[in-house]
file start.cif (mmCIF, N, CA and C atoms and all ligand atoms)
data_protein
loop_
_atom_site.label_atom_id
_atom_site.label_comp_id
_atom_site.auth_asym_id
_atom_site.auth_seq_id
_atom_site.Cartn_x
_atom_site.Cartn_y
_atom_site.Cartn_z
N MET A 1 -19.14 45.31 59.37
CA MET A 1 -19.92 44.31 58.63
C MET A 1 -19.64 44.46 57.14
N PRO A 2 -19.39 43.34 56.43
CA PRO A 2 -19.18 43.47 54.98
C PRO A 2 -20.41 44.09 54.32
N LEU A 3 -20.18 44.85 53.27
CA LEU A 3 -21.27 45.56 52.62
C LEU A 3 -22.38 44.61 52.15
N LYS A 4 -21.99 43.46 51.63
CA LYS A 4 -22.99 42.52 51.10
C LYS A 4 -23.90 42.02 52.23
N ALA A 5 -23.31 41.74 53.37
CA ALA A 5 -24.10 41.26 54.51
C ALA A 5 -25.05 42.36 55.00
N LEU A 6 -24.53 43.58 55.03
CA LEU A 6 -25.35 44.72 55.44
C LEU A 6 -26.51 44.90 54.46
N GLU A 7 -26.21 44.78 53.17
CA GLU A 7 -27.25 44.94 52.14
C GLU A 7 -28.33 43.88 52.32
N ASN A 8 -27.91 42.64 52.54
CA ASN A 8 -28.88 41.56 52.74
C ASN A 8 -29.76 41.81 53.96
N GLU A 9 -29.12 42.29 55.03
CA GLU A 9 -29.86 42.55 56.26
C GLU A 9 -30.89 43.67 56.06
N LEU A 10 -30.45 44.73 55.38
CA LEU A 10 -31.35 45.87 55.14
C LEU A 10 -32.50 45.49 54.21
N ARG A 11 -32.19 44.66 53.21
CA ARG A 11 -33.24 44.26 52.27
C ARG A 11 -34.27 43.36 52.96
N LEU A 12 -33.81 42.50 53.85
CA LEU A 12 -34.73 41.65 54.59
C LEU A 12 -35.64 42.49 55.49
N LEU A 13 -35.02 43.47 56.12
CA LEU A 13 -35.76 44.39 56.99
C LEU A 13 -36.80 45.15 56.16
N ALA A 14 -36.39 45.62 54.98
CA ALA A 14 -37.30 46.37 54.09
C ALA A 14 -38.47 45.47 53.67
N ARG A 15 -38.16 44.22 53.33
CA ARG A 15 -39.19 43.27 52.91
C ARG A 15 -40.22 43.07 54.01
N ASN A 16 -39.72 42.89 55.24
CA ASN A 16 -40.63 42.70 56.38
C ASN A 16 -41.49 43.94 56.61
N ARG A 17 -40.88 45.10 56.52
CA ARG A 17 -41.64 46.33 56.79
C ARG A 17 -42.66 46.61 55.70
N ILE A 18 -42.36 46.23 54.47
CA ILE A 18 -43.34 46.37 53.39
C ILE A 18 -44.52 45.43 53.66
N GLN A 19 -44.22 44.20 54.08
CA GLN A 19 -45.28 43.23 54.37
C GLN A 19 -46.15 43.69 55.54
N GLU A 20 -45.51 44.33 56.53
CA GLU A 20 -46.26 44.80 57.70
C GLU A 20 -46.99 46.11 57.43
N GLY A 21 -46.77 46.68 56.26
CA GLY A 21 -47.41 47.95 55.92
C GLY A 21 -46.76 49.16 56.56
N ARG A 22 -45.57 48.96 57.13
CA ARG A 22 -44.88 50.09 57.76
C ARG A 22 -44.13 50.93 56.74
N LEU A 23 -43.83 50.34 55.60
CA LEU A 23 -43.21 51.08 54.51
C LEU A 23 -44.03 50.85 53.24
N PRO A 24 -44.10 51.86 52.36
CA PRO A 24 -44.85 51.68 51.11
C PRO A 24 -44.21 50.60 50.23
N SER A 25 -45.03 49.96 49.40
CA SER A 25 -44.51 48.90 48.53
C SER A 25 -44.18 49.43 47.14
N SER A 26 -44.37 50.71 46.93
CA SER A 26 -43.94 51.30 45.66
C SER A 26 -43.26 52.63 45.98
N VAL A 27 -42.34 52.97 45.11
CA VAL A 27 -41.55 54.18 45.34
C VAL A 27 -42.38 55.39 44.92
N PRO A 28 -42.63 56.33 45.83
CA PRO A 28 -43.42 57.50 45.47
C PRO A 28 -42.71 58.36 44.42
N ALA A 29 -43.49 59.17 43.74
CA ALA A 29 -42.93 59.98 42.65
C ALA A 29 -41.96 61.04 43.15
N ARG A 30 -42.14 61.46 44.41
CA ARG A 30 -41.31 62.55 44.90
C ARG A 30 -40.38 62.10 46.02
N ALA A 31 -39.15 62.52 45.93
CA ALA A 31 -38.18 62.24 46.99
C ALA A 31 -37.23 63.42 47.09
N TRP A 32 -36.73 63.64 48.27
CA TRP A 32 -35.78 64.71 48.49
C TRP A 32 -34.54 64.12 49.15
N ALA A 33 -33.43 64.74 48.89
CA ALA A 33 -32.21 64.35 49.60
C ALA A 33 -31.60 65.59 50.23
N GLY A 34 -31.02 65.42 51.39
CA GLY A 34 -30.38 66.56 52.05
C GLY A 34 -29.59 66.06 53.24
N ARG A 35 -29.08 67.01 54.01
CA ARG A 35 -28.33 66.64 55.21
C ARG A 35 -29.25 66.04 56.26
N GLY A 36 -28.75 65.05 56.97
CA GLY A 36 -29.52 64.47 58.06
C GLY A 36 -29.75 65.46 59.18
N ASN A 37 -30.73 65.13 60.02
CA ASN A 37 -31.08 66.05 61.10
C ASN A 37 -31.33 65.28 62.40
N ASP A 38 -30.58 64.17 62.57
CA ASP A 38 -30.71 63.33 63.76
C ASP A 38 -32.12 62.76 63.96
N ALA A 39 -32.84 62.58 62.85
CA ALA A 39 -34.14 61.91 62.92
C ALA A 39 -33.93 60.42 62.65
N PRO A 40 -34.74 59.54 63.25
CA PRO A 40 -34.52 58.11 63.02
C PRO A 40 -34.88 57.67 61.60
N CYS A 41 -34.11 56.73 61.09
CA CYS A 41 -34.33 56.15 59.77
C CYS A 41 -35.58 55.26 59.81
N SER A 42 -36.40 55.32 58.76
CA SER A 42 -37.62 54.51 58.70
C SER A 42 -37.33 53.03 58.48
N LEU A 43 -36.09 52.72 58.11
CA LEU A 43 -35.76 51.31 57.90
C LEU A 43 -34.97 50.73 59.07
N CYS A 44 -33.80 51.31 59.37
CA CYS A 44 -32.94 50.68 60.38
C CYS A 44 -33.13 51.28 61.78
N ASP A 45 -33.92 52.34 61.90
CA ASP A 45 -34.21 53.00 63.18
C ASP A 45 -33.03 53.75 63.79
N LYS A 46 -31.89 53.71 63.13
CA LYS A 46 -30.74 54.47 63.64
C LYS A 46 -30.89 55.94 63.22
N LEU A 47 -30.29 56.83 63.99
CA LEU A 47 -30.42 58.25 63.68
C LEU A 47 -29.63 58.58 62.41
N ILE A 48 -30.18 59.50 61.63
CA ILE A 48 -29.49 59.98 60.44
C ILE A 48 -28.80 61.28 60.84
N GLY A 49 -27.50 61.19 61.03
CA GLY A 49 -26.73 62.32 61.55
C GLY A 49 -26.48 63.40 60.50
N LYS A 50 -25.96 64.51 60.96
CA LYS A 50 -25.73 65.65 60.06
C LYS A 50 -24.65 65.35 59.03
N GLU A 51 -23.79 64.37 59.33
CA GLU A 51 -22.75 64.00 58.38
C GLU A 51 -23.27 63.04 57.31
N ASP A 52 -24.51 62.56 57.48
CA ASP A 52 -25.11 61.63 56.52
C ASP A 52 -26.06 62.36 55.58
N ILE A 53 -26.28 61.73 54.41
CA ILE A 53 -27.31 62.24 53.50
C ILE A 53 -28.63 61.55 53.87
N GLU A 54 -29.65 62.34 54.00
CA GLU A 54 -30.97 61.80 54.33
C GLU A 54 -31.84 61.83 53.07
N TYR A 55 -32.51 60.72 52.80
CA TYR A 55 -33.49 60.67 51.71
C TYR A 55 -34.86 60.70 52.33
N GLU A 56 -35.67 61.60 51.87
CA GLU A 56 -36.99 61.77 52.44
C GLU A 56 -38.01 61.51 51.34
N VAL A 57 -38.96 60.62 51.59
CA VAL A 57 -40.01 60.35 50.61
C VAL A 57 -41.37 60.53 51.28
N GLU A 58 -42.33 60.86 50.46
CA GLU A 58 -43.68 61.11 50.94
C GLU A 58 -44.58 60.05 50.34
N SER A 59 -45.35 59.35 51.17
CA SER A 59 -46.29 58.39 50.62
C SER A 59 -47.69 58.77 51.06
N VAL A 60 -48.64 58.57 50.16
CA VAL A 60 -50.03 58.90 50.45
C VAL A 60 -50.80 57.60 50.60
N ALA A 61 -51.42 57.43 51.77
CA ALA A 61 -52.26 56.26 52.02
C ALA A 61 -53.65 56.79 52.40
N GLY A 62 -54.57 56.74 51.43
CA GLY A 62 -55.90 57.29 51.68
C GLY A 62 -55.80 58.79 51.89
N GLU A 63 -56.27 59.24 53.04
CA GLU A 63 -56.30 60.67 53.34
C GLU A 63 -54.99 61.16 53.93
N SER A 64 -54.20 60.24 54.46
CA SER A 64 -53.03 60.68 55.22
C SER A 64 -51.75 60.59 54.40
N THR A 65 -50.89 61.51 54.65
CA THR A 65 -49.58 61.55 54.02
C THR A 65 -48.54 61.20 55.06
N ARG A 66 -47.67 60.28 54.72
CA ARG A 66 -46.62 59.91 55.66
C ARG A 66 -45.27 60.26 55.07
N ILE A 67 -44.39 60.68 55.94
CA ILE A 67 -43.02 61.00 55.53
C ILE A 67 -42.11 59.88 56.04
N HIS A 68 -41.29 59.37 55.16
CA HIS A 68 -40.31 58.34 55.53
C HIS A 68 -38.92 58.90 55.27
N ARG A 69 -38.02 58.64 56.19
CA ARG A 69 -36.65 59.12 56.05
C ARG A 69 -35.70 57.93 56.02
N PHE A 70 -34.71 58.01 55.16
CA PHE A 70 -33.77 56.90 55.01
C PHE A 70 -32.33 57.37 54.92
N HIS A 71 -31.41 56.49 55.37
CA HIS A 71 -30.01 56.63 55.00
C HIS A 71 -29.87 56.29 53.51
N PHE A 72 -28.76 56.67 52.94
CA PHE A 72 -28.48 56.35 51.53
C PHE A 72 -28.66 54.85 51.25
N LEU A 73 -28.00 53.99 52.04
CA LEU A 73 -28.07 52.55 51.82
C LEU A 73 -29.47 52.00 52.10
N CYS A 74 -30.12 52.52 53.12
CA CYS A 74 -31.46 52.06 53.49
C CYS A 74 -32.46 52.40 52.39
N HIS A 75 -32.29 53.59 51.81
CA HIS A 75 -33.16 54.02 50.71
C HIS A 75 -32.97 53.08 49.51
N ALA A 76 -31.71 52.75 49.23
CA ALA A 76 -31.41 51.85 48.11
C ALA A 76 -32.01 50.47 48.36
N ALA A 77 -31.87 49.97 49.58
CA ALA A 77 -32.38 48.63 49.93
C ALA A 77 -33.91 48.62 49.82
N TRP A 78 -34.54 49.67 50.29
CA TRP A 78 -36.01 49.75 50.22
C TRP A 78 -36.49 49.80 48.76
N GLN A 79 -35.78 50.59 47.92
CA GLN A 79 -36.15 50.68 46.51
C GLN A 79 -36.03 49.33 45.81
N LEU A 80 -34.97 48.58 46.15
CA LEU A 80 -34.79 47.25 45.56
C LEU A 80 -35.95 46.33 45.95
N GLU A 81 -36.37 46.42 47.21
CA GLU A 81 -37.47 45.57 47.68
C GLU A 81 -38.80 45.99 47.07
N CYS A 82 -38.97 47.28 46.81
CA CYS A 82 -40.17 47.76 46.10
C CYS A 82 -40.21 47.16 44.69
N ALA A 83 -39.05 47.17 44.03
CA ALA A 83 -38.96 46.62 42.67
C ALA A 83 -39.28 45.13 42.69
N ARG A 84 -38.76 44.44 43.70
CA ARG A 84 -39.00 43.02 43.85
C ARG A 84 -40.48 42.74 44.10
N HIS A 85 -41.08 43.54 44.99
CA HIS A 85 -42.49 43.41 45.33
C HIS A 85 -43.36 43.61 44.08
N GLU A 86 -43.05 44.65 43.30
CA GLU A 86 -43.83 44.94 42.08
C GLU A 86 -43.64 43.85 41.06
N HIS A 87 -42.44 43.34 40.96
CA HIS A 87 -42.16 42.25 40.01
C HIS A 87 -42.98 41.02 40.40
N LEU A 88 -42.97 40.68 41.68
CA LEU A 88 -43.69 39.49 42.15
C LEU A 88 -45.20 39.64 41.98
N SER A 89 -45.75 40.83 42.34
CA SER A 89 -47.19 41.00 42.23
C SER A 89 -47.60 41.10 40.77
N GLY A 90 -46.72 41.66 39.92
CA GLY A 90 -46.99 41.71 38.48
C GLY A 90 -47.04 40.33 37.87
N ALA A 91 -46.10 39.47 38.29
CA ALA A 91 -46.04 38.10 37.80
C ALA A 91 -47.28 37.33 38.28
N GLY A 92 -47.74 37.63 39.48
CA GLY A 92 -48.91 36.98 40.03
C GLY A 92 -50.17 37.28 39.24
N ARG A 93 -50.28 38.51 38.75
CA ARG A 93 -51.47 38.91 38.00
C ARG A 93 -51.57 38.20 36.67
N LYS A 94 -50.43 37.86 36.07
CA LYS A 94 -50.44 37.26 34.72
C LYS A 94 -50.91 35.80 34.75
N ARG A 95 -50.74 35.12 35.88
CA ARG A 95 -51.10 33.71 35.94
C ARG A 95 -52.56 33.49 36.28
ZN ZN B 101 -31.13 53.51 57.93
#

call {"tool": "encode", "arguments": {"input": "start.cif", "output": "structure tokens", "more": "lines below"}}
Ligand SMILES: [Zn+2]
result
Amino acid sequence: MPLKALENELRLLARNRIQEGRLPSSVPARAWAGRGNDAPCSLCDKLIGKEDIEYEVESVAGESTRIHRFHFLCHAAWQLECARHEHLSGAGRKR
């Protein structure tokens, strides 16, 4: 798949998951990167293998802390959608 098409697909998926509340709508302050451990990605659901870099972020919702894991590209796509979400909600507040 061409990279641009993959990026569009991942960003759409990220947008949907943010709307459904399955992924946070803002990027948490803390993130870690390391080798994958065959755990499923929070965005594309594919396993993050040992040959891949895994990005791990922690989000706090009320009392509970959730861990989300991403591939490099999935993490980038999710961050872009967080920025978009914040931009849109920020613009909404001004009107
Ligand atoms: Zn992924």

call {"tool": "select_by_dssp", "arguments": {"input": "start.cif", "residues": "chain A", "states": "helix (DSSP H, G or I)", "output": "PyMOL selection string"}}
result
chain A and resi 3-19+72-94

call {"tool": "residues_near_ligand", "arguments": {"input": "start.cif", "ligand": "ligand ZN 101 (chain B)", "cutoff": "8 Å", "atoms": "only C-alpha atoms and all ligand atoms", "output": "compact mmCIF listing (two decimals) with N, CA and C atoms, keeping the file's coordinate frame"}}
result
# COMPACT_ATOMS: atom_id res chain seq x y z
N PRO A 40 -34.74 59.54 63.25
CA PRO A 40 -34.52 58.11 63.02
C PRO A 40 -34.88 57.67 61.60
N CYS A 41 -34.11 56.73 61.09
CA CYS A 41 -34.33 56.15 59.77
C CYS A 41 -35.58 55.26 59.81
N SER A 42 -36.40 55.32 58.76
CA SER A 42 -37.62 54.51 58.70
C SER A 42 -37.33 53.03 58.48
N LEU A 43 -36.09 52.72 58.11
CA LEU A 43 -35.76 51.31 57.90
C LEU A 43 -34.97 50.73 59.07
N CYS A 44 -33.80 51.31 59.37
CA CYS A 44 -32.94 50.68 60.38
C CYS A 44 -33.13 51.28 61.78
N ASP A 45 -33.92 52.34 61.90
CA ASP A 45 -34.21 53.00 63.18
C ASP A 45 -33.03 53.75 63.79
N LYS A 46 -31.89 53.71 63.13
CA LYS A 46 -30.74 54.47 63.64
C LYS A 46 -30.89 55.94 63.22
N LEU A 47 -30.29 56.83 63.99
CA LEU A 47 -30.42 58.25 63.68
C LEU A 47 -29.63 58.58 62.41
N ILE A 48 -30.18 59.50 61.63
CA ILE A 48 -29.49 59.98 60.44
C ILE A 48 -28.80 61.28 60.84
N PHE A 70 -34.71 58.01 55.16
CA PHE A 70 -33.77 56.90 55.01
C PHE A 70 -32.33 57.37 54.92
N HIS A 71 -31.41 56.49 55.37
CA HIS A 71 -30.01 56.63 55.00
C HIS A 71 -29.87 56.29 53.51
N PHE A 72 -28.76 56.67 52.94
CA PHE A 72 -28.48 56.35 51.53
C PHE A 72 -28.66 54.85 51.25
N LEU A 73 -28.00 53.99 52.04
CA LEU A 73 -28.07 52.55 51.82
C LEU A 73 -29.47 52.00 52.10
N CYS A 74 -30.12 52.52 53.12
CA CYS A 74 -31.46 52.06 53.49
C CYS A 74 -32.46 52.40 52.39
N HIS A 75 -32.29 53.59 51.81
CA HIS A 75 -33.16 54.02 50.71
C HIS A 75 -32.97 53.08 49.51

call {"tool": "atom_distance", "arguments": {"input": "start.cif", "atom1": "atom CA of Gln19 of chain A", "atom2": "atom CA of Gly36 of chain A"}}
result
26.7 Å

call {"tool": "closest_atom_pairs", "arguments": {"input": "start.cif", "of": "segment 11-83 of chain A", "to": "segment 1-7 of chain A", "cutoff": "8 Å", "atoms": "only N, CA and C atoms", "output": "CSV"}}
result
residue,atom,partner,partner_atom,distance
A:Arg11,N,A:Glu7,C,4.0
A:Leu12,N,A:Glu7,C,5.9
A:Leu13,N,A:Glu7,C,7.7
A:Leu73,C,A:Glu7,CA,7.4
A:Ala77,CA,A:Glu7,C,6.7

call {"tool": "closest_residue", "arguments": {"input": "start.cif", "among": "A:Ser26, A:Asn8, A:Glu63, A:Ala33", "to": "Gln79 of chain A", "atoms": "all atoms listed in the file"}}
result
A:Ser26

call {"tool": "atom_distance", "arguments": {"input": "start.cif", "atom1": "atom N of Ile53 of chain A", "atom2": "atom CA of Arg69 of chain A"}}
result
10.8 Å

call {"tool": "closest_residue", "arguments": {"input": "start.cif", "among": "A:Pro28, A:Gly21, A:Gly90, A:Leu80", "to": "Ser59 of chain A", "atoms": "only N, CA and C atoms"}}
result
A:Pro28

call {"tool": "atom_distance", "arguments": {"input": "start.cif", "atom1": "atom CA of Lys50 of chain A", "atom2": "atom CA of Arg35 of chain A"}}
result
5.6 Å

call {"tool": "closest_residue", "arguments": {"input": "start.cif", "among": "A:Leu88, A:Leu10, A:Ala76, A:Ile67", "to": "Pro24 of chain A", "atoms": "only C-alpha atoms"}}
result
A:Ile67

call {"tool": "residues_near_point", "arguments": {"input": "start.cif", "point": "(-36.8, 60.9, 49.4)", "cutoff": "6 Å", "atoms": "only N, CA and C atoms", "output": "PyMOL selection string"}}
result
chain A and resi 30-33+55-58

call {"tool": "residues_around", "arguments": {"input": "start.cif", "residues": "Leu23 of chain A", "least_positions_apart": "5", "cutoff": "8 Å", "atoms": "all atoms listed in the file", "output": "PyMOL selection string"}}
result
chain A and resi 14+16-18+42+68

call {"tool": "select_by_dssp", "arguments": {"input": "start.cif", "residues": "chain A", "states": "strand (DSSP E or B)", "output": "ChimeraX atom specification"}}
result
/A:31-35,39-40,47-48,53-61,64-71

call {"tool": "residues_around", "arguments": {"input": "start.cif", "residues": "Ser25 of chain A", "least_positions_apart": "2", "cutoff": "7 Å", "atoms": "all atoms listed in the file", "output": "list in words"}}
result
Ile18, Leu23, Val27, Glu81, Cys82, Ala83, His85 and Glu86 of chain A

call {"tool": "decode", "arguments": {"input": "start.cif", "residues": "segment 53-73 of chain A", "atoms": "N, CA and C atoms", "output": "PDB file, in the first residue's frame"}}
result
ATOM      1  N   ILE A  53       9.478  -1.033  16.462  1.00  0.00           N
ATOM      2  CA  ILE A  53       9.549  -0.162  17.643  1.00  0.00           C
ATOM      3  C   ILE A  53       8.121   0.025  18.161  1.00  0.00           C
ATOM      4  N   GLU A  54       7.961  -0.154  19.441  1.00  0.00           N
ATOM      5  CA  GLU A  54       6.648   0.022  20.059  1.00  0.00           C
ATOM      6  C   GLU A  54       6.646   1.338  20.838  1.00  0.00           C
ATOM      7  N   TYR A  55       5.601   2.121  20.641  1.00  0.00           N
ATOM      8  CA  TYR A  55       5.403   3.339  21.431  1.00  0.00           C
ATOM      9  C   TYR A  55       4.322   3.054  22.441  1.00  0.00           C
ATOM     10  N   GLU A  56       4.612   3.328  23.673  1.00  0.00           N
ATOM     11  CA  GLU A  56       3.672   3.031  24.738  1.00  0.00           C
ATOM     12  C   GLU A  56       3.314   4.337  25.425  1.00  0.00           C
ATOM     13  N   VAL A  57       2.032   4.633  25.547  1.00  0.00           N
ATOM     14  CA  VAL A  57       1.598   5.843  26.245  1.00  0.00           C
ATOM     15  C   VAL A  57       0.606   5.460  27.334  1.00  0.00           C
ATOM     16  N   GLU A  58       0.560   6.293  28.337  1.00  0.00           N
ATOM     17  CA  GLU A  58      -0.300   6.051  29.483  1.00  0.00           C
ATOM     18  C   GLU A  58      -1.322   7.173  29.523  1.00  0.00           C
ATOM     19  N   SER A  59      -2.604   6.830  29.582  1.00  0.00           N
ATOM     20  CA  SER A  59      -3.611   7.872  29.707  1.00  0.00           C
ATOM     21  C   SER A  59      -4.398   7.635  30.984  1.00  0.00           C
ATOM     22  N   VAL A  60      -4.759   8.729  31.640  1.00  0.00           N
ATOM     23  CA  VAL A  60      -5.511   8.648  32.878  1.00  0.00           C
ATOM     24  C   VAL A  60      -6.924   9.138  32.606  1.00  0.00           C
ATOM     25  N   ALA A  61      -7.896   8.264  32.871  1.00  0.00           N
ATOM     26  CA  ALA A  61      -9.309   8.631  32.733  1.00  0.00           C
ATOM     27  C   ALA A  61      -9.965   8.390  34.092  1.00  0.00           C
ATOM     28  N   GLY A  62     -10.178   9.488  34.831  1.00  0.00           N
ATOM     29  CA  GLY A  62     -10.730   9.348  36.172  1.00  0.00           C
ATOM     30  C   GLY A  62      -9.753   8.598  37.062  1.00  0.00           C
ATOM     31  N   GLU A  63     -10.206   7.492  37.614  1.00  0.00           N
ATOM     32  CA  GLU A  63      -9.387   6.714  38.547  1.00  0.00           C
ATOM     33  C   GLU A  63      -8.486   5.726  37.829  1.00  0.00           C
ATOM     34  N   SER A  64      -8.835   5.407  36.590  1.00  0.00           N
ATOM     35  CA  SER A  64      -8.124   4.311  35.936  1.00  0.00           C
ATOM     36  C   SER A  64      -7.060   4.813  34.968  1.00  0.00           C
ATOM     37  N   THR A  65      -6.008   4.068  34.900  1.00  0.00           N
ATOM     38  CA  THR A  65      -4.913   4.355  33.986  1.00  0.00           C
ATOM     39  C   THR A  65      -4.926   3.310  32.891  1.00  0.00           C
ATOM     40  N   ARG A  66      -4.872   3.760  31.664  1.00  0.00           N
ATOM     41  CA  ARG A  66      -4.853   2.818  30.552  1.00  0.00           C
ATOM     42  C   ARG A  66      -3.542   2.937  29.806  1.00  0.00           C
ATOM     43  N   ILE A  67      -3.066   1.810  29.346  1.00  0.00           N
ATOM     44  CA  ILE A  67      -1.839   1.776  28.548  1.00  0.00           C
ATOM     45  C   ILE A  67      -2.236   1.523  27.092  1.00  0.00           C
ATOM     46  N   HIS A  68      -1.710   2.336  26.211  1.00  0.00           N
ATOM     47  CA  HIS A  68      -1.943   2.153  24.780  1.00  0.00           C
ATOM     48  C   HIS A  68      -0.602   1.893  24.115  1.00  0.00           C
ATOM     49  N   ARG A  69      -0.598   0.962  23.185  1.00  0.00           N
ATOM     50  CA  ARG A  69       0.631   0.623  22.473  1.00  0.00           C
ATOM     51  C   ARG A  69       0.436   0.875  20.982  1.00  0.00           C
ATOM     52  N   PHE A  70       1.455   1.408  20.356  1.00  0.00           N
ATOM     53  CA  PHE A  70       1.350   1.743  18.932  1.00  0.00           C
ATOM     54  C   PHE A  70       2.595   1.354  18.164  1.00  0.00           C
ATOM     55  N   HIS A  71       2.390   1.067  16.861  1.00  0.00           N
ATOM     56  CA  HIS A  71       3.506   1.048  15.921  1.00  0.00           C
ATOM     57  C   HIS A  71       3.969   2.499  15.712  1.00  0.00           C
ATOM     58  N   PHE A  72       5.151   2.645  15.162  1.00  0.00           N
ATOM     59  CA  PHE A  72       5.678   3.981  14.856  1.00  0.00           C
ATOM     60  C   PHE A  72       4.677   4.812  14.041  1.00  0.00           C
ATOM     61  N   LEU A  73       4.184   4.255  12.922  1.00  0.00           N
ATOM     62  CA  LEU A  73       3.264   4.989  12.055  1.00  0.00           C
ATOM     63  C   LEU A  73       1.916   5.228  12.735  1.00  0.00           C
TER      64      LEU A  73
END
